[in-house]
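In what follows, a structure is listed as structure tokens, so that the remarks can point back to it.
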Amino acid sequence: MTRFIEVRTSRRSQLLDITVEVQRALSASGLEEGAALIYVPHTTAGVTINENADPSVAEDILSHLEKMVPRSGSFRHREGNADAHIKATLVGFSQLVPVRGGRLELGTWQGVFLCEFDGPRSRRVLLSFLRSAP
Amino acid sequence: MTRFIEVRTSRRSQLLDITVEVQRALSASGLEEGAALIYVPHTTAGVTINENADPSVAEDILSHLEKMVPRSGSFRHREGNADAHIKATLVGFSQLVPVRGGRLELGTWQGVFLCEFDGPRSRRVLLSFLRSAP
Amino acid sequence: MTRFIEVRTSRRSQLLDITVEVQRALSASGLEEGAALIYVPHTTAGVTINENADPSVAEDILSHLEKMVPRSGSFRHREGNADAHIKATLVGFSQLVPVRGGRLELGTWQGVFLCEFDGPRSRRVLLSFLRSAP
């Protein structure tokens, strides 16, 4: 029942709207009531929810994360991507969205975004559809 | 099985304790073992868990988030609330709390808080009660 | 079906790899398909996922969180651990990992870490194993 989405990012830092792909997999799963888990099995990428109407919101999120965790900071990890690991922990590796009547119960302005912090790369997003009571 | 809570916030930034309302909806759901999803379908509000004994903890969280993401920062999003979008992504849009014997398995000092970052507004909190194995 | 892990931390700030313990409890639960909730019932500790191959990643996360939320900041909460409450809200109190074939579907480099921000202490980690559809 766990499905996945493959995406290709094109920049080092990027928010990619995957809402349509998640809804498509949910519909295929047959789940009517419960929740959809959207999970990133990486350590330098995350997943968040936010506004997908005005693209400047995603840009503000990325540029402010860069201010809070500059790539040029002094870190022990020697691969040059310690900032990406930290940003991923701040944003989180999963989102869980309620499902009703087979639809993601997102708010009017909400979209689901893969957060790339060390691209460009191929990334995988795992999905699991959980049942509610009773 | 997804229920919701409606709240009215009274300040721009505010932590609102909704623990009692979540437990009440959980009891009505009949779920005995599993987890309660508390989900905010907004893009400038979030949900967190923290201490609800000393109210200064909630104030410290809000004032420190304001230091980390000042409203007066330079952002592209033109609605004057880019900081609220970023704070919501940092705090997160949901919490998932284990349920045992029909009760939220919160720690002694834990409460569930709606996090308002662009109020005052009416906000909705969605709830979904998920079943555990077997 | 909710189980727990007890750990003893040895420093004020510490990331403790609990991946093996979580997998062991998952195996005991018998869940084949769904998700594992890893939940910390504390207000000055959290749980995250990140790289567990190079220990410098965990050190970078902790030292950067200390820069973002210094213990010596001016806070209202009088117990000297307001920073720990804020760090816990940033990192989060739970992680939810997909389960397939009875195994945590973690990425190659991912481990699950208890995040201690006000130790040394005894900490409890609650686990709940959720069923997927159908």
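Residues in the structure tokens are numbered from 1 in each chain, the chains being A, B, ... in the order shown, and ligands are numbered from 1 in the order shown.
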Per residue of chain A within 10 Å of chain C, which atom pair is closest and at what distance in Å (one decimal), using only C-alpha atoms, listed by chain and increasing number, as a tab-separated table?
residue	atom	partner	partner_atom	distance
A:Met1	CA	C:Glu33	CA	6.8
A:Thr2	CA	C:Arg100	CA	7.0
A:Ser29	CA	C:Ala133	CA	7.4
A:Gly30	CA	C:Pro134	CA	7.4
A:Leu31	CA	C:Ala133	CA	5.9
A:Glu32	CA	C:Ala133	CA	8.9
A:Glu33	CA	C:Ala133	CA	9.3
A:Gly34	CA	C:Ala133	CA	8.7
A:Ala35	CA	C:Ser132	CA	9.2
A:Ala36	CA	C:Ser132	CA	9.4
A:Leu37	CA	C:Pro98	CA	7.7
A:Ile38	CA	C:Pro98	CA	8.9
A:Tyr39	CA	C:Val97	CA	7.2
A:Val40	CA	C:Gly107	CA	8.0
A:Pro41	CA	C:Gly107	CA	4.2
A:His42	CA	C:Gly107	CA	5.7
A:Thr43	CA	C:Asn50	CA	5.1
A:Thr44	CA	C:Asn50	CA	8.2
A:Met68	CA	C:Met68	CA	7.4
A:Val69	CA	C:His64	CA	7.8
A:Gly73	CA	C:His64	CA	9.1
A:Ser74	CA	C:Asp60	CA	8.9
A:Phe75	CA	C:Asp60	CA	5.9
A:Arg76	CA	C:Ser56	CA	5.6
A:His77	CA	C:Ser56	CA	5.1
A:Arg78	CA	C:Ser56	CA	8.5
A:Glu79	CA	C:Val57	CA	10.0
A:Asn81	CA	C:Val57	CA	9.5
A:Ala82	CA	C:Val57	CA	6.6
A:Asp83	CA	C:Asp60	CA	8.5
A:His85	CA	C:Asn50	CA	7.0
A:Ile86	CA	C:Ile61	CA	5.5
A:Lys87	CA	C:Ile61	CA	9.1
A:Ala88	CA	C:Asn50	CA	8.2
A:Thr89	CA	C:Val91	CA	6.3
A:Leu90	CA	C:Val91	CA	5.6
A:Val91	CA	C:Val91	CA	8.0
A:Gly92	CA	C:Val91	CA	7.5
A:Phe93	CA	C:Ile49	CA	7.3
A:Ser94	CA	C:Leu96	CA	7.1
A:Gln95	CA	C:Leu96	CA	8.6
A:Leu96	CA	C:Leu96	CA	8.5
A:Arg124	CA	C:Gly107	CA	9.5
A:Leu126	CA	C:Pro98	CA	7.5
A:Leu127	CA	C:Pro98	CA	7.5
A:Ser128	CA	C:Pro98	CA	6.2
A:Phe129	CA	C:Ser132	CA	5.3
A:Leu130	CA	C:Ser132	CA	4.1
A:Arg131	CA	C:Ser132	CA	5.5
A:Ser132	CA	C:Arg131	CA	8.8
Residues of chain B in strand (DSSP E or B), written as a ChimeraX atom specification: /B:3-8,14-17,34-39,45-51,94-100,103-104,110-116,122-132
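Counting only C-alpha atoms, Ser27 (chain B) has the following residues at most 10 Å away, ignoring those fewer than 4 positions along the same chain: Glu21, Val22, Gln23, Leu31, Glu32, Gly101, Gly102, Arg103 and Leu104 of chain B.
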Same-sequence superposition of chain B onto chain C, all C-alpha, as a short mmCIF file (atom, residue, chain, number, x, y, z; two decimals) with C-alpha atoms, in the first residue's frame:
data_model
loop_
_atom_site.label_atom_id
_atom_site.label_comp_id
_atom_site.auth_asym_id
_atom_site.auth_seq_id
_atom_site.Cartn_x
_atom_site.Cartn_y
_atom_site.Cartn_z
CA MET B 1 -0.38 -1.53 20.82
CA THR B 2 1.50 1.57 22.01
CA ARG B 3 4.86 0.54 23.29
CA PHE B 4 7.70 2.63 24.64
CA ILE B 5 11.46 2.88 24.83
CA GLU B 6 13.30 4.27 27.83
CA VAL B 7 16.61 6.04 27.27
CA ARG B 8 19.09 7.82 29.52
CA THR B 9 20.81 10.86 28.04
CA SER B 10 24.25 11.96 29.23
CA ARG B 11 24.63 15.58 28.09
CA ARG B 12 22.49 18.72 28.04
CA SER B 13 22.11 18.53 24.24
CA GLN B 14 22.38 15.21 22.49
CA LEU B 15 21.09 13.27 19.50
CA LEU B 16 20.57 9.61 20.39
CA ASP B 17 20.12 7.06 17.60
CA ILE B 18 17.11 4.88 18.52
CA THR B 19 16.55 3.26 15.11
CA VAL B 20 17.34 -0.28 16.25
CA GLU B 21 14.99 -0.06 19.24
CA VAL B 22 12.15 1.28 17.08
CA GLN B 23 12.58 -1.50 14.51
CA ARG B 24 12.63 -4.11 17.29
CA ALA B 25 9.33 -2.83 18.73
CA LEU B 26 7.83 -2.68 15.23
CA SER B 27 8.76 -6.32 14.61
CA ALA B 28 7.14 -7.30 17.94
CA SER B 29 3.93 -5.46 16.95
CA GLY B 30 3.30 -7.62 13.89
CA LEU B 31 2.41 -4.61 11.70
CA GLU B 32 3.16 -5.36 8.06
CA GLU B 33 1.89 -2.29 6.16
CA GLY B 34 1.27 1.17 7.56
CA ALA B 35 3.39 3.60 9.54
CA ALA B 36 5.31 3.80 12.81
CA LEU B 37 4.72 6.79 15.06
CA ILE B 38 7.70 7.70 17.24
CA TYR B 39 6.53 10.18 19.86
CA VAL B 40 8.29 12.02 22.72
CA PRO B 41 5.94 12.89 25.65
CA HIS B 42 8.26 15.66 26.87
CA THR B 43 8.46 19.43 26.32
CA THR B 44 12.26 19.88 26.24
CA ALA B 45 13.09 16.93 23.99
CA GLY B 46 12.07 16.08 20.44
CA VAL B 47 12.59 13.49 17.75
CA THR B 48 14.08 13.88 14.30
CA ILE B 49 15.38 11.86 11.39
CA ASN B 50 18.77 12.46 9.82
CA GLU B 51 22.04 10.86 8.74
CA ASN B 52 23.44 8.30 11.17
CA ALA B 53 26.55 7.39 9.16
CA ASP B 54 28.75 10.44 9.91
CA PRO B 55 28.26 11.54 13.56
CA SER B 56 29.35 15.07 12.67
CA VAL B 57 25.91 15.64 11.11
CA ALA B 58 24.23 15.25 14.51
CA GLU B 59 26.84 17.55 16.07
CA ASP B 60 26.23 20.20 13.40
CA ILE B 61 22.47 20.04 13.99
CA LEU B 62 22.92 20.54 17.75
CA SER B 63 25.49 23.33 17.47
CA HIS B 64 23.46 25.20 14.86
CA LEU B 65 20.28 24.94 16.93
CA GLU B 66 22.29 26.43 19.79
CA LYS B 67 23.24 29.37 17.52
CA MET B 68 19.62 29.86 16.47
CA VAL B 69 18.24 29.53 20.01
CA PRO B 70 21.05 30.32 22.52
CA ARG B 71 20.50 29.09 26.07
CA SER B 72 21.72 32.49 27.27
CA GLY B 73 18.94 34.39 25.45
CA SER B 74 16.53 36.55 27.41
CA PHE B 75 13.38 34.55 28.16
CA ARG B 76 10.44 34.89 30.55
CA HIS B 77 10.27 31.24 31.58
CA ARG B 78 12.28 31.13 34.82
CA GLU B 79 13.62 27.57 34.76
CA GLY B 80 16.66 28.25 32.58
CA ASN B 81 15.48 25.90 29.84
CA ALA B 82 13.28 28.09 27.64
CA ASP B 83 15.72 27.44 24.78
CA ALA B 84 15.04 23.71 25.12
CA HIS B 85 11.28 24.23 24.82
CA ILE B 86 11.79 26.31 21.66
CA LYS B 87 14.25 23.84 20.10
CA ALA B 88 11.77 21.01 20.73
CA THR B 89 9.01 22.91 18.94
CA LEU B 90 11.35 23.55 15.96
CA VAL B 91 12.46 19.93 15.63
CA GLY B 92 9.06 18.43 16.50
CA PHE B 93 7.74 15.89 18.99
CA SER B 94 7.16 13.02 16.61
CA GLN B 95 8.19 11.34 13.40
CA LEU B 96 6.02 9.06 11.31
CA VAL B 97 7.85 6.50 9.17
CA PRO B 98 6.21 4.31 6.51
CA VAL B 99 6.27 0.56 7.20
CA ARG B 100 6.42 -2.06 4.46
CA GLY B 101 6.79 -5.80 4.91
CA GLY B 102 7.22 -5.26 8.63
CA ARG B 103 10.25 -2.95 8.16
CA LEU B 104 10.71 0.79 8.69
CA GLU B 105 10.97 2.24 5.18
CA LEU B 106 13.87 4.53 6.11
CA GLY B 107 16.18 5.86 3.40
CA THR B 108 19.72 4.48 3.10
CA TRP B 109 21.24 7.23 5.23
CA GLN B 110 18.35 7.83 7.61
CA GLY B 111 18.25 7.07 11.31
CA VAL B 112 15.71 8.07 13.99
CA PHE B 113 17.10 10.24 16.78
CA LEU B 114 15.79 11.29 20.16
CA CYS B 115 16.77 14.96 20.54
CA GLU B 116 17.71 15.85 24.11
CA PHE B 117 17.78 19.60 24.76
CA ASP B 118 17.72 19.73 28.58
CA GLY B 119 19.59 16.66 29.82
CA PRO B 120 21.00 14.61 31.20
CA ARG B 121 17.69 12.92 32.00
CA SER B 122 15.67 9.77 31.62
CA ARG B 123 13.41 10.04 28.60
CA ARG B 124 10.55 7.97 27.28
CA VAL B 125 9.69 7.44 23.61
CA LEU B 126 6.17 6.23 22.84
CA LEU B 127 5.49 4.09 19.77
CA SER B 128 2.25 3.49 17.92
CA PHE B 129 1.93 1.33 14.83
CA LEU B 130 -0.77 2.46 12.42
CA ARG B 131 -2.57 0.42 9.77
CA SER B 132 -2.78 1.33 6.12
CA ALA B 133 -5.70 0.84 3.76
CA PRO B 134 -7.43 -1.33 2.82
#
Using DSSP assignments from the backbone, pull out every residue in region 68-111 of chain B that falls under alpha helix (DSSP H) and give it to me as a CSV table (one decimal) with all heavy atoms, in the first residue's frame.
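The new file out.csv reads:
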chain,number,residue,atom,x,y,z
B,68,MET,N,13.7,35.1,15.0
B,68,MET,CA,14.2,34.3,14.0
B,68,MET,C,13.7,34.7,12.6
B,68,MET,O,14.3,34.6,11.6
B,68,MET,CB,14.0,32.8,14.2
B,68,MET,CG,14.8,32.2,15.4
B,68,MET,SD,14.2,30.6,15.9
B,68,MET,CE,14.3,29.7,14.3
B,82,ALA,N,4.6,37.3,4.9
B,82,ALA,CA,5.5,36.2,4.5
B,82,ALA,C,6.1,35.6,5.8
B,82,ALA,O,6.4,34.3,5.8
B,82,ALA,CB,6.7,36.8,3.7
B,83,ASP,N,6.4,36.4,6.8
B,83,ASP,CA,7.0,35.8,8.1
B,83,ASP,C,6.0,34.7,8.6
B,83,ASP,O,6.5,33.7,9.1
B,83,ASP,CB,7.2,36.9,9.1
B,83,ASP,CG,5.9,37.5,9.6
B,83,ASP,OD1,5.1,38.0,8.7
B,83,ASP,OD2,5.7,37.6,10.8
B,84,ALA,N,4.7,34.9,8.5
B,84,ALA,CA,3.8,34.0,9.1
B,84,ALA,C,3.8,32.7,8.3
B,84,ALA,O,3.7,31.6,8.9
B,84,ALA,CB,2.4,34.6,9.0
B,85,HIS,N,4.0,32.7,7.0
B,85,HIS,CA,4.1,31.5,6.2
B,85,HIS,C,5.4,30.7,6.6
B,85,HIS,O,5.3,29.5,6.7
B,85,HIS,CB,4.2,31.9,4.7
B,85,HIS,CG,2.9,32.3,4.1
B,85,HIS,ND1,1.9,31.5,3.7
B,85,HIS,CD2,2.5,33.6,3.7
B,85,HIS,CE1,0.9,32.2,3.1
B,85,HIS,NE2,1.2,33.4,3.1
B,86,ILE,N,6.5,31.5,6.8
B,86,ILE,CA,7.7,30.8,7.2
B,86,ILE,C,7.6,30.2,8.6
B,86,ILE,O,8.1,29.1,8.8
B,86,ILE,CB,8.9,31.8,7.1
B,86,ILE,CG1,9.0,32.3,5.6
B,86,ILE,CG2,10.2,31.2,7.6
B,86,ILE,CD1,9.9,33.5,5.4
B,87,LYS,N,7.1,31.0,9.5
B,87,LYS,CA,6.9,30.4,10.9
B,87,LYS,C,6.1,29.2,10.9
B,87,LYS,O,6.3,28.2,11.6
B,87,LYS,CB,6.3,31.5,11.8
B,87,LYS,CG,7.2,32.6,12.2
B,87,LYS,CD,6.4,33.8,12.7
B,87,LYS,CE,7.4,35.0,13.0
B,87,LYS,NZ,6.6,36.3,13.1
B,88,ALA,N,5.0,29.1,10.1
B,88,ALA,CA,4.1,28.0,10.0
B,88,ALA,C,4.9,26.7,9.5
B,88,ALA,O,4.7,25.6,10.0
B,88,ALA,CB,2.9,28.2,9.1
B,89,THR,N,5.7,27.0,8.5
B,89,THR,CA,6.5,25.8,8.0
B,89,THR,C,7.5,25.3,9.0
B,89,THR,O,7.8,24.1,9.2
B,89,THR,CB,7.2,26.2,6.7
B,89,THR,OG1,6.3,26.0,5.6
B,89,THR,CG2,8.5,25.4,6.4
B,90,LEU,N,8.1,26.2,9.9
B,90,LEU,CA,9.0,25.8,10.9
B,90,LEU,C,8.3,25.0,12.0
B,90,LEU,O,8.9,24.0,12.5
B,90,LEU,CB,9.7,27.0,11.5
B,90,LEU,CG,10.7,27.8,10.6
B,90,LEU,CD1,11.2,29.0,11.3
B,90,LEU,CD2,11.9,26.8,10.2
B,91,VAL,N,7.2,25.5,12.4
B,91,VAL,CA,6.5,24.8,13.5
B,91,VAL,C,5.7,23.6,13.0
B,91,VAL,O,5.7,22.6,13.8
B,91,VAL,CB,5.5,25.8,14.1
B,91,VAL,CG1,4.3,25.2,14.8
B,91,VAL,CG2,6.2,26.8,15.1
